[in-house]
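So this block is coords18.csv, CSV, C-alpha atoms:
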```csv
chain,number,residue,atom,x,y,z
Y,1,MET,CA,-46.4,71.7,154.4
Y,2,LYS,CA,-49.9,72.1,153.0
Y,3,ASN,CA,-48.7,71.2,149.5
Y,4,ASN,CA,-47.1,68.0,150.8
Y,5,TYR,CA,-50.4,67.0,152.6
Y,6,PHE,CA,-52.4,67.4,149.4
Y,7,LYS,CA,-49.8,65.4,147.5
Y,8,LEU,CA,-50.2,62.5,150.0
Y,9,ILE,CA,-54.0,62.6,149.6
Y,10,PHE,CA,-53.7,62.5,145.8
Y,11,LEU,CA,-51.2,59.6,145.9
Y,12,PHE,CA,-53.5,57.6,148.2
Y,13,ALA,CA,-56.5,58.2,146.0
Y,14,LEU,CA,-54.6,57.3,142.9
Y,15,SER,CA,-53.3,54.0,144.4
Y,16,SER,CA,-56.8,53.1,145.5
Y,17,PHE,CA,-58.1,53.7,142.0
Y,18,VAL,CA,-55.3,51.6,140.4
Y,19,LEU,CA,-55.9,48.7,142.9
Y,20,SER,CA,-59.7,48.8,142.2
Y,21,CYS,CA,-59.0,48.7,138.4
Y,22,SER,CA,-56.6,45.8,139.0
Y,23,ASN,CA,-59.3,43.8,140.9
Y,24,ASP,CA,-61.8,44.6,138.1
Y,25,ASP,CA,-59.4,43.1,135.5
Y,26,ASP,CA,-58.8,39.9,137.6
Y,27,ASN,CA,-59.3,37.0,135.1
Y,28,THR,CA,-59.3,34.3,137.8
Y,29,PRO,CA,-62.3,32.1,137.0
Y,30,GLU,CA,-64.9,31.9,139.7
Y,31,THR,CA,-65.9,28.5,141.0
Y,32,PRO,CA,-69.3,27.6,139.3
Y,33,ASP,CA,-72.2,27.4,141.8
Y,34,GLU,CA,-72.9,23.8,140.9
Y,35,THR,CA,-69.5,22.7,142.2
Y,36,LEU,CA,-70.5,24.1,145.6
Y,37,THR,CA,-74.2,23.0,145.4
Y,38,GLU,CA,-76.0,20.6,143.2
Y,39,TYR,CA,-77.9,21.5,140.0
Y,40,LYS,CA,-81.4,22.9,140.8
Y,41,TYR,CA,-83.4,20.4,138.7
Y,42,LEU,CA,-81.7,17.2,139.8
Y,43,ARG,CA,-83.0,14.7,142.4
Y,44,ILE,CA,-81.8,11.5,144.2
Y,45,PHE,CA,-84.4,8.7,144.3
Y,46,LEU,CA,-84.0,5.9,146.9
Y,47,SER,CA,-85.9,2.8,147.9
Y,48,ASP,CA,-85.8,0.9,151.3
Y,49,GLU,CA,-84.9,-2.7,152.0
Y,50,LYS,CA,-87.5,-3.5,154.6
Y,51,THR,CA,-90.4,-1.1,153.9
Y,52,THR,CA,-92.3,0.3,150.9
Y,53,ALA,CA,-90.8,3.7,151.5
Y,54,VAL,CA,-89.3,5.6,148.6
Y,55,THR,CA,-87.6,8.9,149.1
Y,56,LEU,CA,-87.0,11.8,146.6
Y,57,VAL,CA,-84.2,14.0,147.8
Y,58,ASN,CA,-83.5,17.6,146.8
Y,59,PRO,CA,-79.7,17.7,147.4
Y,60,VAL,CA,-79.6,21.5,147.1
Y,61,ASP,CA,-81.5,22.2,150.3
Y,62,ALA,CA,-81.4,18.6,151.8
Y,63,THR,CA,-85.2,18.3,151.8
Y,64,ILE,CA,-87.1,15.1,151.1
Y,65,ASN,CA,-90.4,14.0,149.7
Y,66,SER,CA,-91.6,10.6,150.9
Y,67,PHE,CA,-93.8,8.1,149.0
Y,68,ASN,CA,-94.8,4.5,149.3
Y,69,ALA,CA,-94.3,1.9,146.5
Y,70,LYS,CA,-96.5,-1.2,146.2
Y,71,PHE,CA,-93.7,-3.4,147.7
Y,72,ALA,CA,-90.5,-3.1,149.6
Y,73,LYS,CA,-87.0,-3.5,148.2
Y,74,SER,CA,-87.6,-1.8,144.9
Y,75,SER,CA,-84.9,-1.9,142.2
Y,76,LEU,CA,-84.7,1.6,140.7
Y,77,TYR,CA,-83.8,2.7,137.2
Y,78,THR,CA,-83.8,6.0,135.4
Y,79,THR,CA,-85.5,6.3,132.0
Y,80,GLU,CA,-83.7,7.5,128.9
Y,81,SER,CA,-85.2,11.0,129.2
Y,82,GLY,CA,-84.1,11.4,132.8
Y,83,ARG,CA,-87.5,12.6,133.9
Y,84,TYR,CA,-88.9,9.2,135.0
Y,85,ALA,CA,-87.9,6.1,137.0
Y,86,GLY,CA,-88.9,2.5,136.8
Y,87,LEU,CA,-89.4,0.6,140.0
Y,88,VAL,CA,-89.0,-3.2,139.5
Y,89,HIS,CA,-90.4,-5.6,142.1
Y,90,ARG,CA,-89.0,-8.9,140.7
Y,91,ALA,CA,-90.4,-11.2,143.4
Y,92,ASP,CA,-93.8,-9.6,143.2
Y,93,ASN,CA,-94.1,-9.6,139.4
Y,94,THR,CA,-94.7,-5.9,139.2
Y,95,VAL,CA,-93.2,-2.8,137.6
Y,96,GLU,CA,-94.2,0.7,138.7
Y,97,THR,CA,-93.2,4.1,137.2
Y,98,PHE,CA,-92.4,7.5,138.9
Y,99,ASP,CA,-92.5,11.0,137.5
Y,100,SER,CA,-90.0,13.6,138.9
Y,101,GLY,CA,-92.2,16.4,137.4
Y,102,PHE,CA,-89.2,18.0,135.5
Y,103,GLU,CA,-89.4,18.5,131.8
Y,104,SER,CA,-86.2,19.3,129.9
Y,105,HIS,CA,-86.2,21.8,127.0
Y,106,GLY,CA,-82.5,21.6,126.3
Y,107,ASP,CA,-81.3,25.0,127.5
Y,108,HIS,CA,-83.8,25.1,130.4
Y,109,VAL,CA,-86.1,22.9,132.5
Y,110,ASP,CA,-89.8,23.4,133.2
Y,111,VAL,CA,-91.6,22.1,136.3
Y,112,ASP,CA,-94.5,20.0,134.9
Y,113,GLY,CA,-96.6,19.1,138.0
Y,114,THR,CA,-95.4,17.6,141.3
Y,115,PRO,CA,-93.4,14.4,141.9
Y,116,LYS,CA,-95.7,11.4,141.8
Y,117,PHE,CA,-96.1,7.8,140.8
Y,118,GLY,CA,-97.0,7.3,137.1
Y,119,ALA,CA,-100.2,5.7,136.0
Y,120,LEU,CA,-98.2,3.2,133.8
Y,121,THR,CA,-97.7,-0.2,135.5
Y,122,GLY,CA,-96.6,-3.7,134.4
Y,123,GLN,CA,-97.5,-7.2,135.5
Y,124,SER,CA,-95.2,-10.1,134.4
Y,125,LEU,CA,-93.3,-13.1,135.7
Y,126,LEU,CA,-90.1,-12.1,137.5
Y,127,PRO,CA,-89.3,-8.9,135.7
Y,128,THR,CA,-85.6,-8.4,136.1
Y,129,HIS,CA,-83.5,-6.4,133.6
Y,130,PHE,CA,-84.9,-2.9,132.9
Y,131,LYS,CA,-83.8,-0.8,129.9
Y,132,SER,CA,-84.9,2.5,128.4
Y,133,LYS,CA,-84.0,3.7,124.9
Y,134,ILE,CA,-85.7,5.3,121.8
Y,135,GLY,CA,-88.6,6.4,124.1
Y,136,GLU,CA,-89.4,2.9,125.3
Y,137,LEU,CA,-89.3,1.1,128.6
Y,138,LEU,CA,-88.4,-2.6,128.4
Y,139,THR,CA,-88.1,-5.4,130.9
Y,140,PHE,CA,-86.9,-9.0,130.5
Y,141,ASN,CA,-89.1,-11.4,132.4
Y,142,ASP,CA,-87.1,-14.3,133.8
Y,143,GLY,CA,-90.2,-16.3,134.7
Y,144,ASP,CA,-91.3,-17.0,131.1
Y,145,GLY,CA,-88.7,-15.5,128.8
Y,146,THR,CA,-90.9,-12.7,127.5
Y,147,LEU,CA,-90.3,-9.0,127.1
Y,148,SER,CA,-92.6,-6.3,128.4
Y,149,VAL,CA,-92.6,-2.9,126.6
Y,150,ALA,CA,-94.2,0.5,127.0
Y,151,LYS,CA,-93.7,4.1,125.9
Y,152,GLU,CA,-92.3,6.8,128.2
Y,153,SER,CA,-95.0,9.0,126.8
Y,154,GLU,CA,-97.6,6.7,128.4
Y,155,ILE,CA,-96.3,7.0,132.0
Y,156,ASN,CA,-99.0,9.5,133.0
Y,157,THR,CA,-101.8,7.9,130.8
Y,158,ALA,CA,-104.6,6.6,133.0
Y,159,GLY,CA,-104.8,2.8,132.8
Y,160,ALA,CA,-101.6,2.4,130.7
Y,161,LYS,CA,-100.0,-1.1,130.9
Y,162,PHE,CA,-96.8,-2.7,129.6
Y,163,LYS,CA,-97.4,-4.9,126.6
Y,164,THR,CA,-95.9,-8.4,126.2
Y,165,ILE,CA,-93.5,-9.5,123.4
Y,166,ASN,CA,-93.3,-13.3,123.1
Y,167,ALA,CA,-90.3,-14.5,121.1
Y,168,GLY,CA,-90.7,-18.1,121.9
Y,169,LEU,CA,-87.9,-18.2,124.4
Y,170,LEU,CA,-87.4,-20.7,127.3
Y,171,ALA,CA,-87.6,-19.2,130.8
Y,172,HIS,CA,-84.1,-18.1,131.9
Y,173,HIS,CA,-82.2,-15.3,133.7
Y,174,GLY,CA,-81.9,-13.2,130.6
Y,175,ALA,CA,-81.2,-9.8,129.2
Y,176,MET,CA,-82.1,-7.7,126.2
Y,177,ALA,CA,-80.9,-4.5,124.4
Y,178,THR,CA,-82.6,-2.0,122.1
Y,179,PHE,CA,-81.1,-0.9,118.7
Y,180,LEU,CA,-81.8,2.5,117.3
Y,181,ASN,CA,-83.8,0.9,114.4
Y,182,GLY,CA,-86.3,-0.4,116.9
Y,183,THR,CA,-85.3,-4.1,116.9
Y,184,TYR,CA,-84.0,-6.0,120.0
Y,185,ALA,CA,-81.2,-8.3,120.9
Y,186,VAL,CA,-82.5,-10.9,123.3
Y,187,THR,CA,-80.7,-13.8,125.1
Y,188,GLN,CA,-81.6,-17.4,124.4
Y,189,LYS,CA,-81.4,-20.5,126.6
Y,190,ASP,CA,-80.7,-23.8,124.8
Y,191,ASN,CA,-79.6,-25.7,127.9
Y,192,SER,CA,-76.1,-26.4,126.4
Y,193,VAL,CA,-74.8,-25.0,129.8
Y,194,ALA,CA,-76.3,-26.1,133.1
Y,195,GLY,CA,-78.1,-23.4,135.2
Y,196,THR,CA,-80.3,-20.5,134.4
Y,197,LEU,CA,-77.9,-18.4,132.4
Y,198,PRO,CA,-78.4,-18.2,128.6
Y,199,GLU,CA,-75.8,-19.1,126.0
Y,200,LYS,CA,-76.9,-17.2,122.8
Y,201,VAL,CA,-78.3,-13.9,121.5
Y,202,LYS,CA,-80.7,-13.4,118.6
Y,203,ILE,CA,-82.3,-10.3,117.0
Y,204,ILE,CA,-86.1,-9.9,117.0
Y,205,ASP,CA,-88.6,-7.2,116.0
Y,206,ASN,CA,-91.4,-5.7,118.2
Y,207,THR,CA,-93.8,-8.6,117.5
Y,208,GLY,CA,-91.3,-11.2,118.7
Y,209,LYS,CA,-90.4,-12.4,115.1
Y,210,THR,CA,-86.8,-13.6,114.7
Y,211,LEU,CA,-84.9,-11.5,112.3
Y,212,PHE,CA,-81.4,-12.9,112.8
Y,213,GLU,CA,-80.5,-16.1,114.6
Y,214,SER,CA,-77.5,-16.4,116.9
Y,215,THR,CA,-74.2,-17.1,115.2
Y,216,VAL,CA,-72.1,-17.3,118.4
Y,217,ALA,CA,-72.6,-19.8,121.2
Y,218,THR,CA,-71.1,-19.0,124.7
Y,219,LYS,CA,-70.7,-20.8,128.0
Y,220,GLY,CA,-73.1,-18.4,129.8
Y,221,ILE,CA,-74.2,-14.8,129.5
Y,222,HIS,CA,-74.9,-12.2,132.2
Y,223,GLY,CA,-74.9,-8.4,132.0
Y,224,ASN,CA,-75.3,-6.2,129.0
Y,225,ALA,CA,-75.5,-2.6,127.7
Y,226,SER,CA,-76.3,-0.9,124.3
Y,227,ASP,CA,-75.5,2.4,122.7
Y,228,GLY,CA,-78.1,1.7,120.0
Y,229,THR,CA,-75.5,0.5,117.5
Y,230,TYR,CA,-73.8,-2.2,119.5
Y,231,ALA,CA,-75.3,-4.5,122.1
Y,232,VAL,CA,-72.6,-5.8,124.4
Y,233,PHE,CA,-73.0,-8.9,126.7
Y,234,GLY,CA,-70.7,-10.3,129.3
Y,235,SER,CA,-70.1,-14.0,128.8
Y,236,ALA,CA,-67.9,-16.7,130.1
Y,237,SER,CA,-66.4,-17.1,126.6
Y,238,GLY,CA,-65.5,-13.4,126.2
Y,239,VAL,CA,-67.3,-10.1,125.5
Y,240,LEU,CA,-70.1,-10.8,123.0
Y,241,VAL,CA,-70.8,-7.9,120.6
Y,242,VAL,CA,-74.0,-7.9,118.6
Y,243,GLU,CA,-75.2,-5.6,115.9
Y,244,SER,CA,-78.7,-5.0,114.5
Y,245,SER,CA,-77.6,-6.6,111.2
Y,246,GLY,CA,-77.1,-9.9,113.0
Y,247,LYS,CA,-73.3,-9.6,113.0
Y,248,GLN,CA,-71.8,-11.1,116.1
Y,249,LYS,CA,-68.3,-11.5,117.5
Y,250,LEU,CA,-66.4,-12.3,120.7
Y,251,ILE,CA,-63.7,-10.2,122.1
Y,252,ALA,CA,-61.2,-12.3,124.1
Y,253,LEU,CA,-61.0,-11.6,127.8
Y,254,PRO,CA,-57.6,-10.3,129.2
Y,255,GLU,CA,-54.9,-12.8,129.7
Y,256,GLY,CA,-54.9,-14.2,133.2
Y,257,PHE,CA,-58.7,-13.9,133.7
Y,258,GLY,CA,-59.0,-17.7,134.2
Y,259,THR,CA,-62.7,-18.4,134.9
Y,260,ALA,CA,-63.5,-14.7,135.7
Y,261,TRP,CA,-65.7,-12.8,133.2
Y,262,PHE,CA,-67.7,-9.5,133.1
Y,263,GLY,CA,-71.0,-10.0,134.8
Y,264,THR,CA,-71.7,-6.2,134.5
Y,265,ILE,CA,-71.4,-4.1,131.4
Y,266,LEU,CA,-72.0,-0.3,131.4
Y,267,GLU,CA,-72.5,2.1,128.6
Y,268,THR,CA,-70.3,5.2,128.3
Y,269,LYS,CA,-70.6,8.5,126.5
Y,270,ALA,CA,-68.2,7.5,123.8
Y,271,LYS,CA,-69.6,5.5,120.9
Y,272,GLY,CA,-68.5,1.9,120.9
Y,273,LYS,CA,-66.9,2.1,124.4
Y,274,PHE,CA,-68.2,0.3,127.4
Y,275,ILE,CA,-67.1,-0.6,131.0
Y,276,GLY,CA,-66.8,-4.2,131.9
Y,277,PHE,CA,-66.8,-5.0,135.7
Y,278,THR,CA,-66.2,-8.2,137.6
Y,279,ALA,CA,-65.5,-8.3,141.4
Y,280,ALA,CA,-63.0,-11.0,140.7
Y,281,LYS,CA,-60.7,-8.8,138.6
Y,282,GLY,CA,-61.8,-5.1,138.5
Y,283,ALA,CA,-63.0,-2.5,136.0
Y,284,TYR,CA,-61.9,-2.4,132.3
Y,285,LEU,CA,-62.6,-0.3,129.3
Y,286,ILE,CA,-64.0,-2.3,126.4
Y,287,ASP,CA,-63.6,-0.8,122.9
Y,288,VAL,CA,-65.8,-2.9,120.6
Y,289,THR,CA,-64.6,-1.3,117.4
Y,290,ALA,CA,-60.9,-1.8,118.2
Y,291,GLY,CA,-61.6,-5.1,119.8
Y,292,THR,CA,-59.6,-4.2,122.9
Y,293,ILE,CA,-60.1,-4.5,126.7
Y,294,LYS,CA,-57.9,-2.2,128.8
Y,295,PRO,CA,-57.7,-2.1,132.6
Y,296,ILE,CA,-59.0,0.9,134.5
Y,297,LEU,CA,-58.6,-0.5,138.0
Y,298,GLN,CA,-57.4,-4.0,138.8
Y,299,ASN,CA,-58.7,-4.6,142.3
Y,300,THR,CA,-60.7,-7.4,143.9
Y,301,ASN,CA,-62.2,-5.3,146.7
Y,302,ILE,CA,-64.5,-3.1,144.6
Y,303,MET,CA,-67.9,-2.5,146.2
Y,304,GLN,CA,-69.4,-0.1,143.7
Y,305,CYS,CA,-68.5,0.7,140.1
Y,306,LYS,CA,-70.7,3.4,138.6
Y,307,LEU,CA,-70.6,5.9,135.7
Y,308,SER,CA,-71.5,9.5,136.3
Y,309,TYR,CA,-74.9,10.7,135.2
Y,310,ASN,CA,-73.5,12.2,132.0
Y,311,THR,CA,-71.5,8.9,131.5
Y,312,SER,CA,-68.2,10.6,131.1
Y,313,LYS,CA,-66.5,9.5,134.3
Y,314,LEU,CA,-66.2,6.4,136.4
Y,315,GLY,CA,-66.5,6.3,140.2
Y,316,ILE,CA,-65.2,3.3,142.1
Y,317,LEU,CA,-65.9,2.7,145.8
Y,318,LEU,CA,-63.8,0.1,147.6
Y,319,LEU,CA,-64.7,-2.0,150.6
Y,320,SER,CA,-62.0,-0.1,152.5
Y,321,GLY,CA,-64.1,3.1,152.1
Y,322,GLU,CA,-61.7,4.6,149.5
Y,323,PHE,CA,-63.2,6.3,146.5
Y,324,LYS,CA,-61.5,6.8,143.1
Y,325,LEU,CA,-62.7,9.0,140.2
Y,326,PHE,CA,-61.5,8.1,136.7
Y,327,ASN,CA,-61.4,10.2,133.5
Y,328,LEU,CA,-62.6,7.8,130.8
Y,329,THR,CA,-60.7,9.5,128.1
Y,330,SER,CA,-57.3,9.3,129.7
Y,331,LEU,CA,-58.2,6.4,132.1
Y,332,GLN,CA,-56.3,8.3,134.8
Y,333,ILE,CA,-57.4,9.0,138.4
Y,334,GLU,CA,-58.7,12.5,138.8
Y,335,LYS,CA,-59.6,12.3,142.5
Y,336,GLU,CA,-59.2,9.8,145.3
Y,337,GLY,CA,-59.5,9.5,149.1
Y,338,LYS,CA,-60.9,7.6,152.0
Y,339,ILE,CA,-64.5,8.9,152.4
Y,340,ILE,CA,-66.4,6.4,154.5
Y,341,GLY,CA,-65.6,3.6,157.0
Y,342,GLU,CA,-64.7,0.1,155.9
Y,343,THR,CA,-67.5,-2.3,154.9
Y,344,ALA,CA,-67.3,-6.0,155.6
Y,345,SER,CA,-67.2,-8.1,152.5
Y,346,ASP,CA,-70.1,-10.3,153.8
Y,347,ALA,CA,-72.3,-7.3,154.9
Y,348,ALA,CA,-75.9,-8.1,154.2
Y,349,LEU,CA,-76.6,-4.6,152.8
Y,350,LYS,CA,-73.7,-2.6,151.5
Y,351,PRO,CA,-73.6,1.1,150.6
Y,352,GLN,CA,-74.9,2.0,147.1
Y,353,MET,CA,-73.6,4.9,145.0
Y,354,GLN,CA,-74.4,7.2,142.1
Y,355,LEU,CA,-72.5,10.1,140.6
Y,356,THR,CA,-73.4,13.5,139.2
Y,357,GLU,CA,-70.9,15.9,137.5
Y,358,ASN,CA,-69.7,17.4,140.8
Y,359,PHE,CA,-70.9,15.0,143.6
Y,360,ALA,CA,-71.1,11.4,144.6
Y,361,TYR,CA,-74.1,10.1,146.5
Y,362,ILE,CA,-73.6,7.2,148.8
Y,363,THR,CA,-76.2,5.4,151.0
Y,364,SER,CA,-75.5,4.6,154.6
Y,365,PRO,CA,-77.6,1.5,155.4
Y,366,THR,CA,-76.6,1.5,159.1
Y,367,THR,CA,-77.6,5.1,159.7
Y,368,GLY,CA,-80.4,5.6,157.2
Y,369,GLU,CA,-78.6,8.5,155.6
Y,370,LEU,CA,-77.7,9.7,152.1
Y,371,LEU,CA,-74.1,11.1,152.0
Y,372,GLN,CA,-73.2,13.8,149.6
Y,373,LEU,CA,-69.6,13.7,148.6
Y,374,SER,CA,-68.1,16.8,147.0
Y,375,LEU,CA,-65.8,15.7,144.2
Y,376,SER,CA,-63.9,19.0,144.3
Y,377,SER,CA,-62.9,18.8,148.0
Y,378,MET,CA,-63.3,15.0,148.5
Y,379,THR,CA,-65.3,15.7,151.7
Y,380,ILE,CA,-68.8,14.8,152.8
Y,381,ALA,CA,-70.8,18.0,152.2
Y,382,LYS,CA,-74.1,16.8,153.6
Y,383,LYS,CA,-75.7,13.9,155.5
Y,384,ILE,CA,-79.4,13.6,154.7
Y,385,LYS,CA,-81.7,11.4,156.7
Y,386,VAL,CA,-83.9,9.3,154.3
Y,387,SER,CA,-85.5,5.9,155.3
Y,388,ASN,CA,-84.2,3.5,157.9
Y,389,THR,CA,-82.5,1.0,155.6
Y,390,PRO,CA,-81.8,2.6,152.2
Y,391,TYR,CA,-81.6,0.0,149.5
Y,392,MET,CA,-81.2,1.2,145.9
Y,393,ILE,CA,-80.5,4.6,144.6
Y,394,THR,CA,-80.8,6.4,141.2
Y,395,ILE,CA,-80.7,9.9,139.8
Y,396,LEU,CA,-83.6,11.7,138.3
Y,397,GLY,CA,-83.9,15.1,136.5
Y,398,PHE,CA,-81.3,17.2,134.7
Y,399,GLU,CA,-77.9,18.7,135.3
Y,400,ASN,CA,-79.3,22.1,134.7
Y,401,SER,CA,-80.3,25.0,136.9
Y,402,LYS,CA,-81.9,27.2,134.3
Y,403,SER,CA,-85.7,27.8,134.0
Y,404,HIS,CA,-87.7,30.4,132.0
```
Turn the structure described in the file into structure tokens.
Amino acid sequence: MKNNYFKLIFLFALSSFVLSCSNDDDNTPETPDETLTEYKYLRIFLSDEKTTAVTLVNPVDATINSFNAKFAKSSLYTTESGRYAGLVHRADNTVETFDSGFESHGDHVDVDGTPKFGALTGQSLLPTHFKSKIGELLTFNDGDGTLSVAKESEINTAGAKFKTINAGLLAHHGAMATFLNGTYAVTQKDNSVAGTLPEKVKIIDNTGKTLFESTVATKGIHGNASDGTYAVFGSASGVLVVESSGKQKLIALPEGFGTAWFGTILETKAKGKFIGFTAAKGAYLIDVTAGTIKPILQNTNIMQCKLSYNTSKLGILLLSGEFKLFNLTSLQIEKEGKIIGETASDAALKPQMQLTENFAYITSPTTGELLQLSLSSMTIAKKIKVSNTPYMITILGFENSKSH
């Protein structure tokens, strides 16, 4: 009887050991921390429609830092490095800068001071389009057709100001793009089409000197993006593609577009591939080297169409409150679901959206909140109170949680 008892004890111990070893050898991948919480060195930056309040949100712990811009209703843009933001006050002829305080070193991020407004400011007539490439900040000034340019490295330099580039353009609602060789593509207004929209694009240097005149005339241009090699403009005559060599071409709009055209162009991670968006038709992938335009989502109820922070995916938010996440390689939907309530098409202030690798951030103008949507579970993970009427939203910092 005693021998049987000890055999049972031995078998129990052996089975426990085997089970333990089996668990140790489990190769099931763990869910990365960042899919459950946001990257440590990433922030969400918001402005307010009715007040000068701007809010910097740490989505990891839902804490906020509040600041005051010079004017209300700031349009917000992230600079090329990801560290800084540009705040454009079009109606007040002013541009401000903001420093997140994060400095990327590739494999890790350092904290370099506290979040604060930069010393660099700009004064120009109706600054509108804001771009950042090759270490520069650039605005097109609708009021007089000039450009304003400054260096990212000057943002914390006392007394730093944007400098003016005058290319002899007529005042118009224009746009510009930077090439990797330091030249610019700028829109031109020749009044061949009525209204404020330009019809042509030429290449200039940083003194405003014309290097290459326009070779293609359109029936109106609005919206553009550049990957440094190609500058792509939305136009009523088709998608205008411009290179630094002065080469220009039009890609025909899809059949059945009628009078619709892409008023918004977005740059993707893939060289030569851009997103074209028009509320009248939907979102499309533009391949400038192949000369093709392929539908991603054909829908006339799109409220927001935004690339992820790493420009590899596309998020689309419909007026119905439905959200769709697309893989830009396959053009297939990865996630979808109804995430917020319906928004009226004539609402004075609609929700705005930005995407990181694992989350979407959506403003709630009626409640003064920032909603954090988990892309893995398609549920609202957090609701963070910001200002009373959140207006614009951008992302600052880095998708990185490593420090020294």
(request) Name all residues at most 7 Å from segment 196-199 of chain Y (count all atoms listed in the file; drop same-chain ones fewer than 4 positions away) and give them as a ChimeraX atom specification. (result) /Y:172-174,187-190,217-222
(request) Just give me the gap between atom CA of Phe102 of chain Y and atom CA of Glu38 of chain Y in Å, one decimal is fine. (result) 15.5 Å
(request) Would you list the contacts of Asp287 of chain Y as a list in words, taking every protein, DNA or RNA residue within 9 Å and counting all atoms listed in the file, but skipping same-chain residues closer than 4 positions in sequence? (result)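 After dropping sequence-adjacent residues, the list is Lys271, Gly272, Lys273, Phe274, Ile275, Gly291, Thr292, Ile293 and Lys294 of chain Y.
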(request) Just the residues within 7 Å of Ser124 of chain Y, please, counting all atoms listed in the file, with nothing from its chain fewer than 4 positions along; format it as a list in words. (result) Asn93, Thr94 and Asn141 of chain Y
(request) Would you please work out which residue, of Y:Thr97, Y:Asn299, Y:Ser245, Y:Ser330, is nearest to Lys313 of chain Y when using all atoms listed in the file? (result)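 Closest candidate: Y:Ser330.
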